[in-house]
Structure formats: structure tokens, C-alpha cells
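Structure data follow from run-v5.tsv (TSV, C-alpha atoms):
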chain	number	residue	atom	x	y	z
A	1	MET	CA	-17.32	-25.89	18.33
A	2	SER	CA	-17.01	-28.04	21.46
A	3	LEU	CA	-14.47	-30.80	21.92
A	4	LEU	CA	-17.37	-33.27	21.85
A	5	ALA	CA	-18.67	-32.31	18.42
A	6	HIS	CA	-17.01	-35.39	16.91
A	7	LEU	CA	-19.58	-37.50	18.74
A	8	ALA	CA	-22.19	-36.23	16.27
A	9	ALA	CA	-20.45	-37.68	13.19
A	10	PRO	CA	-23.15	-39.99	11.72
A	11	ASP	CA	-22.94	-43.65	12.63
A	12	PRO	CA	-21.89	-45.61	9.49
A	13	GLU	CA	-24.92	-47.87	9.65
A	14	LEU	CA	-27.47	-45.29	10.72
A	15	GLY	CA	-26.34	-42.32	8.62
A	16	PRO	CA	-27.58	-43.70	5.26
A	17	LEU	CA	-30.92	-44.68	6.83
A	18	ILE	CA	-31.46	-41.19	8.21
A	19	ALA	CA	-30.55	-39.70	4.82
A	20	LYS	CA	-33.35	-41.70	3.21
A	21	LEU	CA	-36.01	-40.37	5.55
A	22	GLY	CA	-38.64	-38.12	4.07
A	23	PRO	CA	-38.95	-34.45	5.02
A	24	PRO	CA	-39.42	-33.76	8.73
A	25	ALA	CA	-42.82	-32.92	10.12
A	26	PRO	CA	-43.89	-29.27	9.75
A	27	LEU	CA	-42.30	-26.97	12.32
A	28	THR	CA	-44.58	-26.06	15.19
A	29	ASP	CA	-44.45	-24.93	18.80
A	30	ASP	CA	-47.93	-26.26	19.55
A	31	PRO	CA	-47.50	-28.99	22.21
A	32	LEU	CA	-50.68	-30.76	21.15
A	33	VAL	CA	-49.42	-31.05	17.57
A	34	LEU	CA	-46.06	-32.24	18.88
A	35	ARG	CA	-47.94	-34.82	20.93
A	36	LYS	CA	-49.59	-36.16	17.80
A	37	GLN	CA	-46.23	-36.37	16.04
A	38	PHE	CA	-44.75	-38.30	18.96
A	39	GLU	CA	-47.69	-40.69	19.05
A	40	ALA	CA	-47.17	-41.54	15.38
A	41	ALA	CA	-43.55	-42.52	16.05
A	42	SER	CA	-44.44	-44.39	19.22
A	43	PHE	CA	-46.50	-46.94	17.29
A	44	LEU	CA	-43.26	-48.25	15.75
A	45	HIS	CA	-41.79	-48.76	19.21
A	46	GLN	CA	-44.88	-50.54	20.47
A	47	ALA	CA	-45.09	-52.79	17.42
A	48	GLU	CA	-41.41	-53.74	17.63
A	49	TRP	CA	-41.78	-54.98	21.20
A	50	GLU	CA	-45.12	-56.63	20.57
A	51	ASP	CA	-43.21	-59.11	18.42
A	52	ARG	CA	-40.97	-59.88	21.40
A	53	LEU	CA	-43.60	-60.45	24.06
A	54	PRO	CA	-42.91	-63.32	26.45
A	55	PRO	CA	-45.57	-65.98	27.03
A	56	ALA	CA	-48.52	-64.57	28.97
A	57	SER	CA	-48.08	-67.30	31.58
A	58	ASP	CA	-44.67	-65.87	32.53
A	59	TYR	CA	-46.00	-62.68	34.12
A	60	ARG	CA	-49.10	-60.85	35.26
A	61	VAL	CA	-50.23	-57.27	34.70
A	62	GLU	CA	-52.43	-55.25	37.04
A	63	GLU	CA	-53.46	-51.59	37.20
A	64	HIS	CA	-53.99	-49.62	40.38
A	65	THR	CA	-55.10	-46.09	41.15
A	66	VAL	CA	-52.79	-44.02	43.31
A	67	PRO	CA	-53.76	-40.89	45.28
A	68	ALA	CA	-52.05	-37.79	43.91
A	69	ASP	CA	-52.13	-34.06	44.44
A	70	ALA	CA	-54.75	-32.17	42.48
A	71	GLY	CA	-52.95	-30.09	39.88
A	72	GLY	CA	-55.66	-27.45	39.90
A	73	PRO	CA	-59.36	-26.82	40.57
A	74	GLY	CA	-61.54	-29.66	39.33
A	75	GLU	CA	-58.60	-31.94	38.45
A	76	ASP	CA	-58.38	-35.59	39.40
A	77	ARG	CA	-56.68	-36.55	42.62
A	78	GLU	CA	-55.41	-39.88	41.40
A	79	ILE	CA	-53.18	-41.42	38.75
A	80	THR	CA	-52.88	-44.93	37.35
A	81	VAL	CA	-49.90	-47.23	37.68
A	82	ARG	CA	-49.50	-50.42	35.65
A	83	CYS	CA	-47.64	-53.19	37.44
A	84	TYR	CA	-45.81	-56.14	35.90
A	85	THR	CA	-44.86	-59.12	38.05
A	86	PRO	CA	-42.99	-62.23	36.92
A	87	THR	CA	-44.33	-65.69	37.54
A	88	SER	CA	-41.74	-67.33	39.75
A	89	ARG	CA	-39.62	-69.73	37.76
A	90	ASP	CA	-38.93	-71.79	40.88
A	91	GLY	CA	-42.46	-71.63	42.26
A	92	GLY	CA	-41.37	-69.32	45.08
A	93	ASP	CA	-43.13	-66.31	46.54
A	94	GLY	CA	-41.23	-63.66	44.60
A	95	GLY	CA	-38.79	-61.38	46.30
A	96	PHE	CA	-38.07	-59.71	42.95
A	97	PRO	CA	-36.16	-56.44	42.63
A	98	LEU	CA	-38.41	-53.45	41.98
A	99	LEU	CA	-38.11	-51.01	39.06
A	100	VAL	CA	-40.23	-47.84	39.02
A	101	TRP	CA	-40.46	-46.60	35.44
A	102	PHE	CA	-41.32	-43.21	33.89
A	103	HIS	CA	-41.99	-42.99	30.15
A	104	GLY	CA	-40.57	-40.33	27.84
A	105	GLY	CA	-42.37	-37.82	25.65
A	106	GLY	CA	-41.12	-34.36	26.56
A	107	PHE	CA	-43.61	-34.05	29.46
A	108	VAL	CA	-46.36	-33.46	26.87
A	109	ALA	CA	-46.73	-36.92	25.27
A	110	GLY	CA	-46.54	-40.61	26.07
A	111	ASP	CA	-48.65	-42.80	28.32
A	112	LEU	CA	-48.69	-46.19	30.01
A	113	ASP	CA	-48.93	-47.92	26.64
A	114	LEU	CA	-45.75	-46.38	25.22
A	115	ASP	CA	-43.34	-48.81	26.91
A	116	ASP	CA	-45.88	-51.47	27.84
A	117	ASN	CA	-44.59	-54.28	25.61
A	118	TYR	CA	-41.00	-53.26	26.34
A	119	LEU	CA	-41.57	-53.53	30.08
A	120	ARG	CA	-43.32	-56.89	29.79
A	121	ASN	CA	-40.16	-58.17	28.14
A	122	PHE	CA	-37.97	-56.61	30.83
A	123	CYS	CA	-40.12	-58.08	33.58
A	124	VAL	CA	-39.65	-61.65	32.41
A	125	ASP	CA	-36.12	-61.48	31.03
A	126	LEU	CA	-34.62	-59.78	34.07
A	127	GLN	CA	-37.10	-61.14	36.66
A	128	LEU	CA	-38.12	-57.67	37.83
A	129	SER	CA	-41.30	-56.41	39.39
A	130	ILE	CA	-42.03	-53.15	37.54
A	131	VAL	CA	-44.33	-50.21	38.29
A	132	ASN	CA	-45.05	-48.06	35.23
A	133	VAL	CA	-46.25	-44.64	36.45
A	134	GLY	CA	-48.89	-42.80	34.42
A	135	TYR	CA	-48.02	-39.24	35.35
A	136	ARG	CA	-50.11	-36.35	34.01
A	137	LEU	CA	-48.90	-34.28	31.07
A	138	ALA	CA	-48.53	-30.64	30.08
A	139	PRO	CA	-50.02	-28.40	28.83
A	140	GLU	CA	-53.16	-29.60	30.59
A	141	HIS	CA	-51.21	-30.23	33.80
A	142	VAL	CA	-48.31	-27.85	34.33
A	143	PHE	CA	-45.32	-28.21	36.66
A	144	PRO	CA	-45.04	-29.57	39.30
A	145	THR	CA	-47.97	-31.92	38.66
A	146	GLY	CA	-45.95	-34.45	36.67
A	147	PHE	CA	-43.15	-34.48	39.24
A	148	ASN	CA	-45.61	-34.85	42.12
A	149	ASP	CA	-47.31	-37.72	40.30
A	150	ALA	CA	-43.96	-39.43	39.77
A	151	TYR	CA	-43.10	-39.08	43.43
A	152	ALA	CA	-46.51	-40.34	44.50
A	153	GLY	CA	-46.03	-43.37	42.25
A	154	LEU	CA	-42.59	-43.99	43.76
A	155	LYS	CA	-43.92	-43.88	47.31
A	156	TRP	CA	-46.86	-46.11	46.43
A	157	ALA	CA	-44.56	-48.68	44.84
A	158	SER	CA	-42.26	-48.79	47.86
A	159	SER	CA	-45.20	-49.17	50.24
A	160	HIS	CA	-46.84	-51.93	48.19
A	161	ALA	CA	-43.76	-54.00	47.40
A	162	PRO	CA	-45.10	-57.16	49.10
A	163	ASN	CA	-48.26	-57.01	46.99
A	164	LEU	CA	-46.04	-56.76	43.90
A	165	ARG	CA	-44.02	-59.80	45.03
A	166	ALA	CA	-41.05	-57.46	45.27
A	167	SER	CA	-38.31	-57.13	47.85
A	168	LEU	CA	-36.64	-53.73	48.06
A	169	ALA	CA	-33.67	-55.45	49.67
A	170	ALA	CA	-33.10	-57.20	46.33
A	171	GLY	CA	-32.91	-53.84	44.54
A	172	PHE	CA	-35.00	-50.68	44.21
A	173	ILE	CA	-34.35	-48.84	40.94
A	174	VAL	CA	-35.87	-45.78	39.30
A	175	GLY	CA	-35.60	-45.42	35.55
A	176	GLY	CA	-36.89	-43.79	32.40
A	177	THR	CA	-36.10	-42.38	29.00
A	178	SER	CA	-35.63	-38.69	28.11
A	179	ALA	CA	-38.29	-36.78	30.09
A	180	GLY	CA	-38.85	-39.99	32.03
A	181	ALA	CA	-35.15	-40.05	32.89
A	182	ASN	CA	-35.54	-36.48	34.13
A	183	LEU	CA	-38.28	-37.63	36.48
A	184	ALA	CA	-36.20	-40.60	37.62
A	185	ALA	CA	-33.22	-38.35	38.43
A	186	ALA	CA	-35.45	-35.77	40.11
A	187	VAL	CA	-37.30	-38.23	42.35
A	188	ALA	CA	-33.98	-39.83	43.31
A	189	LEU	CA	-32.79	-36.40	44.48
A	190	ARG	CA	-35.98	-35.78	46.44
A	191	ALA	CA	-35.91	-39.25	47.98
A	192	ARG	CA	-32.32	-38.79	49.14
A	193	ASP	CA	-33.50	-35.99	51.44
A	194	ASP	CA	-36.84	-37.54	52.44
A	195	PRO	CA	-36.89	-39.41	55.79
A	196	PHE	CA	-39.39	-41.81	54.23
A	197	PHE	CA	-36.54	-43.19	52.05
A	198	ALA	CA	-33.71	-42.62	54.54
A	199	PRO	CA	-30.97	-45.20	55.15
A	200	GLY	CA	-32.31	-47.79	57.55
A	201	SER	CA	-35.91	-47.27	56.40
A	202	GLY	CA	-35.81	-50.36	54.20
A	203	ARG	CA	-36.93	-48.16	51.30
A	204	GLU	CA	-33.59	-46.76	50.08
A	205	ILE	CA	-33.35	-46.39	46.30
A	206	THR	CA	-30.37	-48.45	45.13
A	207	GLY	CA	-30.04	-47.46	41.46
A	208	GLN	CA	-30.94	-45.08	38.63
A	209	LEU	CA	-31.32	-46.02	34.96
A	210	LEU	CA	-31.18	-42.78	32.93
A	211	GLN	CA	-31.57	-43.23	29.17
A	212	THR	CA	-30.76	-40.09	27.13
A	213	PRO	CA	-31.70	-37.93	30.10
A	214	GLN	CA	-32.82	-34.34	30.07
A	215	VAL	CA	-31.43	-33.04	33.35
A	216	VAL	CA	-31.40	-29.26	32.87
A	217	HIS	CA	-34.13	-26.90	31.65
A	218	PRO	CA	-33.19	-25.30	28.30
A	219	ALA	CA	-33.66	-21.81	29.77
A	220	ALA	CA	-31.80	-22.45	33.05
A	221	SER	CA	-28.96	-20.23	34.20
A	222	VAL	CA	-26.12	-22.73	34.12
A	223	GLY	CA	-23.24	-20.45	35.11
A	224	SER	CA	-19.84	-22.08	34.81
A	225	TYR	CA	-21.35	-25.14	33.09
A	226	ALA	CA	-22.18	-23.14	29.96
A	227	SER	CA	-18.97	-24.11	28.16
A	228	GLU	CA	-19.75	-27.78	28.76
A	229	LEU	CA	-23.33	-27.59	27.48
A	230	ARG	CA	-22.90	-26.89	23.77
A	231	SER	CA	-24.95	-29.67	22.21
A	232	MET	CA	-28.23	-27.78	22.51
A	233	GLU	CA	-26.72	-25.31	20.05
A	234	GLU	CA	-24.57	-27.67	17.98
A	235	GLN	CA	-27.32	-30.25	17.57
A	236	ALA	CA	-30.20	-27.79	17.41
A	237	ASP	CA	-31.55	-29.32	14.19
A	238	ALA	CA	-30.77	-32.96	14.90
A	239	PRO	CA	-33.16	-35.62	13.57
A	240	PHE	CA	-36.26	-36.46	15.63
A	241	LEU	CA	-35.58	-34.10	18.55
A	242	THR	CA	-34.63	-30.47	17.93
A	243	ALA	CA	-33.80	-27.64	20.29
A	244	ARG	CA	-36.98	-25.91	19.15
A	245	LYS	CA	-39.06	-28.90	20.27
A	246	LEU	CA	-37.32	-28.97	23.62
A	247	ARG	CA	-38.10	-25.31	24.17
A	248	ALA	CA	-41.72	-25.85	23.15
A	249	PHE	CA	-42.00	-28.70	25.65
A	250	ALA	CA	-40.49	-26.49	28.35
A	251	ASN	CA	-42.87	-23.64	27.56
A	252	ALA	CA	-45.82	-26.00	27.88
A	253	LEU	CA	-44.58	-27.38	31.20
A	254	ARG	CA	-44.03	-23.91	32.74
A	255	ALA	CA	-41.43	-25.02	35.28
A	256	PRO	CA	-39.04	-22.56	36.96
A	257	PRO	CA	-35.87	-23.28	34.96
A	258	ASN	CA	-33.48	-23.57	37.91
A	259	ASP	CA	-35.75	-25.66	40.12
A	260	GLU	CA	-33.89	-28.92	40.83
A	261	ARG	CA	-37.12	-30.85	40.28
A	262	ILE	CA	-36.76	-30.03	36.57
A	263	SER	CA	-33.00	-29.34	36.52
A	264	PRO	CA	-31.43	-32.02	38.75
A	265	LEU	CA	-28.05	-31.20	37.19
A	266	LEU	CA	-28.18	-27.89	39.09
A	267	ALA	CA	-28.77	-29.41	42.53
A	268	SER	CA	-26.45	-27.99	45.18
A	269	SER	CA	-25.10	-31.47	45.88
A	270	HIS	CA	-25.28	-34.87	44.22
A	271	ALA	CA	-23.61	-36.71	47.08
A	272	GLY	CA	-25.50	-39.65	48.51
A	273	LEU	CA	-27.44	-40.45	45.34
A	274	PRO	CA	-27.83	-44.09	44.25
A	275	ARG	CA	-25.44	-45.47	41.67
A	276	ALA	CA	-26.43	-44.72	38.10
A	277	VAL	CA	-26.39	-46.04	34.56
A	278	ILE	CA	-26.53	-43.24	31.97
A	279	GLN	CA	-26.90	-43.64	28.21
A	280	VAL	CA	-26.00	-40.72	25.95
A	281	PHE	CA	-26.48	-40.38	22.17
A	282	GLY	CA	-23.93	-38.35	20.22
A	283	MET	CA	-26.29	-36.62	17.76
A	284	ASP	CA	-28.67	-35.37	20.45
A	285	PRO	CA	-29.30	-31.86	21.79
A	286	LEU	CA	-29.34	-33.49	25.25
A	287	ARG	CA	-25.93	-35.09	24.79
A	288	ASP	CA	-23.80	-32.72	26.83
A	289	GLU	CA	-26.09	-32.54	29.85
A	290	GLY	CA	-26.08	-36.33	30.09
A	291	LEU	CA	-22.28	-36.38	29.94
A	292	LEU	CA	-21.99	-33.58	32.48
A	293	TYR	CA	-24.45	-35.25	34.83
A	294	ALA	CA	-22.37	-38.42	34.79
A	295	HIS	CA	-19.28	-36.32	35.58
A	296	LEU	CA	-21.02	-34.54	38.46
A	297	LEU	CA	-22.25	-37.79	39.94
A	298	ARG	CA	-18.77	-39.28	39.83
A	299	ASP	CA	-17.26	-36.16	41.40
A	300	ALA	CA	-19.82	-36.53	44.21
A	301	GLY	CA	-18.72	-40.11	44.83
A	302	VAL	CA	-21.65	-41.78	43.06
A	303	GLN	CA	-20.76	-44.96	41.21
A	304	THR	CA	-21.72	-44.33	37.59
A	305	ARG	CA	-21.69	-46.37	34.40
A	306	LEU	CA	-21.74	-44.19	31.28
A	307	ASN	CA	-22.50	-45.57	27.81
A	308	VAL	CA	-21.94	-43.19	24.89
A	309	TYR	CA	-23.14	-43.94	21.35
A	310	PRO	CA	-21.51	-41.62	18.78
A	311	GLY	CA	-23.43	-40.55	15.70
A	312	VAL	CA	-26.98	-41.50	16.71
A	313	PRO	CA	-29.93	-39.17	17.40
A	314	HIS	CA	-32.46	-39.07	20.18
A	315	THR	CA	-35.16	-41.80	20.00
A	316	PHE	CA	-33.51	-43.47	17.00
A	317	THR	CA	-34.17	-46.87	18.58
A	318	MET	CA	-37.91	-46.26	18.07
A	319	VAL	CA	-37.45	-45.64	14.34
A	320	PHE	CA	-34.59	-48.04	13.51
A	321	PRO	CA	-34.83	-50.87	16.05
A	322	GLU	CA	-33.40	-53.36	13.55
A	323	THR	CA	-29.95	-51.72	13.42
A	324	ASP	CA	-26.88	-53.14	15.11
A	325	ILE	CA	-26.39	-49.97	17.13
A	326	ALA	CA	-29.97	-50.18	18.44
A	327	ALA	CA	-29.31	-53.78	19.48
A	328	ARG	CA	-26.18	-52.59	21.30
A	329	VAL	CA	-28.17	-49.93	23.15
A	330	GLU	CA	-30.65	-52.59	24.22
A	331	ARG	CA	-27.94	-55.00	25.39
A	332	ASP	CA	-26.33	-52.21	27.39
A	333	VAL	CA	-29.64	-51.35	29.08
A	334	ARG	CA	-30.00	-54.90	30.32
A	335	ASP	CA	-26.35	-55.16	31.28
A	336	GLY	CA	-26.69	-51.87	33.12
A	337	LEU	CA	-29.69	-53.09	35.08
A	338	ARG	CA	-27.84	-56.25	36.00
A	339	TRP	CA	-24.91	-54.08	37.15
A	340	LEU	CA	-27.23	-51.98	39.30
A	341	LEU	CA	-28.73	-55.10	40.82
A	342	SER	CA	-25.38	-56.79	41.35
A	343	SER	CA	-24.39	-53.92	43.65
A	344	VAL	CA	-27.05	-54.74	46.23
A	345	LEU	CA	-25.66	-56.65	49.18
A	346	PRO	CA	-27.79	-58.23	51.90
A	347	HIS	CA	-27.08	-55.40	54.32
A	348	GLY	CA	-28.05	-52.75	51.76
A	349	LEU	CA	-24.56	-51.51	50.89
A	350	SER	CA	-23.09	-51.36	47.39
A	351	ARG	CA	-19.94	-52.75	45.87
A	352	ASP	CA	-17.55	-50.13	44.51
A	353	SER	CA	-17.50	-50.06	40.71
A	354	SER	CA	-17.59	-47.66	37.79
A	355	CYS	CA	-17.45	-47.94	34.03
A	356	VAL	CA	-17.25	-45.76	30.95
A	357	THR	CA	-17.82	-47.20	27.48
A	358	PHE	CA	-17.80	-45.62	24.03

Could you write out this file's structure as C-alpha cells?
Amino acid sequence: MSLLAHLAAPDPELGPLIAKLGPPAPLTDDPLVLRKQFEAASFLHQAEWEDRLPPASDYRVEEHTVPADAGGPGEDREITVRCYTPTSRDGGDGGFPLLVWFHGGGFVAGDLDLDDNYLRNFCVDLQLSIVNVGYRLAPEHVFPTGFNDAYAGLKWASSHAPNLRASLAAGFIVGGTSAGANLAAAVALRARDDPFFAPGSGREITGQLLQTPQVVHPAASVGSYASELRSMEEQADAPFLTARKLRAFANALRAPPNDERISPLLASSHAGLPRAVIQVFGMDPLRDEGLLYAHLLRDAGVQTRLNVYPGVPHTFTMVFPETDIAARVERDVRDGLRWLLSSVLPHGLSRDSSCVTF
């Protein structure tokens, strides 16, 4: 047993609620069945945030099509992005920070509607311009289609910032949950080495928001990290997300396990990445890779804020949004975004800061 196993001890508030849940859905490795199961849970998330929608006059929503690589013969060469822009509270022309968002769903589920109400709330509360990227899913669209779509959405957003009333100088953040956090981390790595986003370009990414990230393929050769990545085994049968599901998602995606576009944890270097906020849940098969990624970023000189929530499983906030611990997760997300934005100075440099909370 790893030294981190104590993080899986059930949260006092959440444990009794999980115990009252009915039997889990039938076991399956079929990604289309898993997609249906995810969609059923996602309705709770959407309904919760529908009750918290800001007034329609406080923001606008527009959809745009973005050119993308064809994943295969006969496939579309475009994706859709949904953009949320605040209405200026002072009547100004905008200049809002920009957040590019990637939804979760194991690369096989989720869509632009999953976080739609959530992002509308974010947009107004934090005065952010947001681009929600509708990347294509496996098994219909295998790797690297989803990654390429995410990167195309990122480039489109940076090139269209004025139309979104955004100013990249005010902050340019990538973010997502679970598989979406994987995409956020992976595009941040790619952008670091892309002259299009190079320092001095005016398009440098300034922050990463990684919620319960998956940052290493379950079949990757992890070498000396193996002893630090025990949660996939120890939390194999955790509520909501199991190791078997993660492997089924990976099989559907068909990515080379050690490719840094799916396993950013295994990149040869993490130096030069934008500062990061990482949230990790203690009763989650992905727990240890999130903790290790935070450690690797710090070792590479990347300012990193790590929030750890013992005793809670993956996606619990979708099922039990009324709990105190879910409210804490939500407060920390917003505080983390404010921290990322507070680091942006007029000349594009960042203040030195780091934080770990349990």
C-alpha cells in the first residue's frame, strides 16, 4: 500500500451518501455504453448549474466553426466552439482575460453542453471571455483527432481574441476536467515549443487549470515513476470512475501510451510551462498522477497551486453538488483562477508564488 492510501479514507460527509447509492451500472468495456452512462450523470451537473445562471443580459453566447484536420476519409474538417463573453460592467470595450476550456468525459463522452451552464456562470462571475472547444470523440475519431481539435481551438481562440472582447495580455488560460485537463496540459506542452505561442508573440499561455487530471496513459511505461503511481491499482474499484473504465476509454482512443500528447507527465521536460492550478481527489484512480504532475512541474520551476481533497471520488461534484466538500472544490476553482490571473503583469511576466492545500 502506498503512503498516500490514507487520502482515500471516505470523507465524513460524503461517505454515508455514497453508501446509500444503488448498485453501480453493469460492467462493460463498450465505449458507447459508457458514453450513455456518462450522459445520464451529466444531466445532474447541467441541472445544478442551470439554477445558478446569471441574467442573460450579463453575457452573450456565440458559436463558430473552426477549421480542423480531417481525422480520416470522409470526416468533417471543422469543429464547433462556443464562446461566452461578459457584458462590460463599466460599459467598456472588454479586454477580458481568455479561458480556453475542454470538457471531460474520458475522450469518448461529453460535448459543448456538458459545462455550458457552468461556464456561463464563470464568464460573468470572474469576468472571463471563454472558448468552449467541441473536440471530436473516440471511438468514432481516434487519436490524435481530439488533440488536434483542441489545438486548433486554442489557436483559433488566440487569433480571434479581439472579436471575443478578450485581451491575452490580461491572461490566457487553458483548462478542463479529467480528459479535458489532459488536453489542457497537452496543448500547453505543445504551445510551449510552438513559435506561434513563443514569448514575445503576444500569445503566450499564462496559466493552466487542471481539475482531476489524467496525465498518463494507463498502459504507459512509466519507469521510475511506478512506485509513485499506485492509485490506479489501489482505487481500481472507486465509485463513478474505475480503472476498468479508464482502460476502456484508452482502448477506444487508440493513442500510443508514451506519446506526450496523451501522457504529458512523461514529457522529457516540463520547464517553461505556464503556472498551474491542479485539483486532486483522494478516492480517484487518477489521484497519484495528478500529485506527481504537480511535483514534476514544481521541480521544473513552474509555479503550481495544488489542492487535495481526501476521501472523495472522481466526478463526485456532479452527483453531490450540495455537499460542503463540493462547495469547497468550487470555491477553490475560482480562487485558483483568480490566482492565475493575478500573476499576469503588464509586461507578461509572472509573480513568484506557490501553494499546497489539503

task: List every protein, DNA or RNA residue that has an atom no more than 9 Å from (-19.6, -26.9, 24.5) in the file's coordinate frame, counting all atoms listed in the file, and report them as a PyMOL selection string.
output: chain A and resi 1-5+225-234+288

message: Here is a test: counting only C-alpha atoms, which residue of A:Glu63, A:Asp11, A:Asp284, A:Asp193 is nearest to Ala238 in chain A?
response: A:Asp284

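Using only C-alpha atoms, the smallest distance between any of A:Cys123, A:Ala41, A:Val108, A:Ala68 and Ala56 in chain A comes from A:Cys123.
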
Within 10 Å of Val222 in chain A using all atoms listed in the file, minus same-chain residues under 6 positions, as a list in words: Val216, Glu228, Leu229, Pro257, Asn258, Ser263, Leu265 and Leu266 of chain A

Counting all atoms listed in the file, the option among A:Ile18, A:Met283, A:Ile205, A:Leu246 closest to Phe107 in chain A: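 Among the listed residues, A:Leu246 lies closest to Phe107 in chain A.
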
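Of note, CA of Tyr309 in chain A and CA of Gly105 in chain A are spaced 20.6 Å apart.
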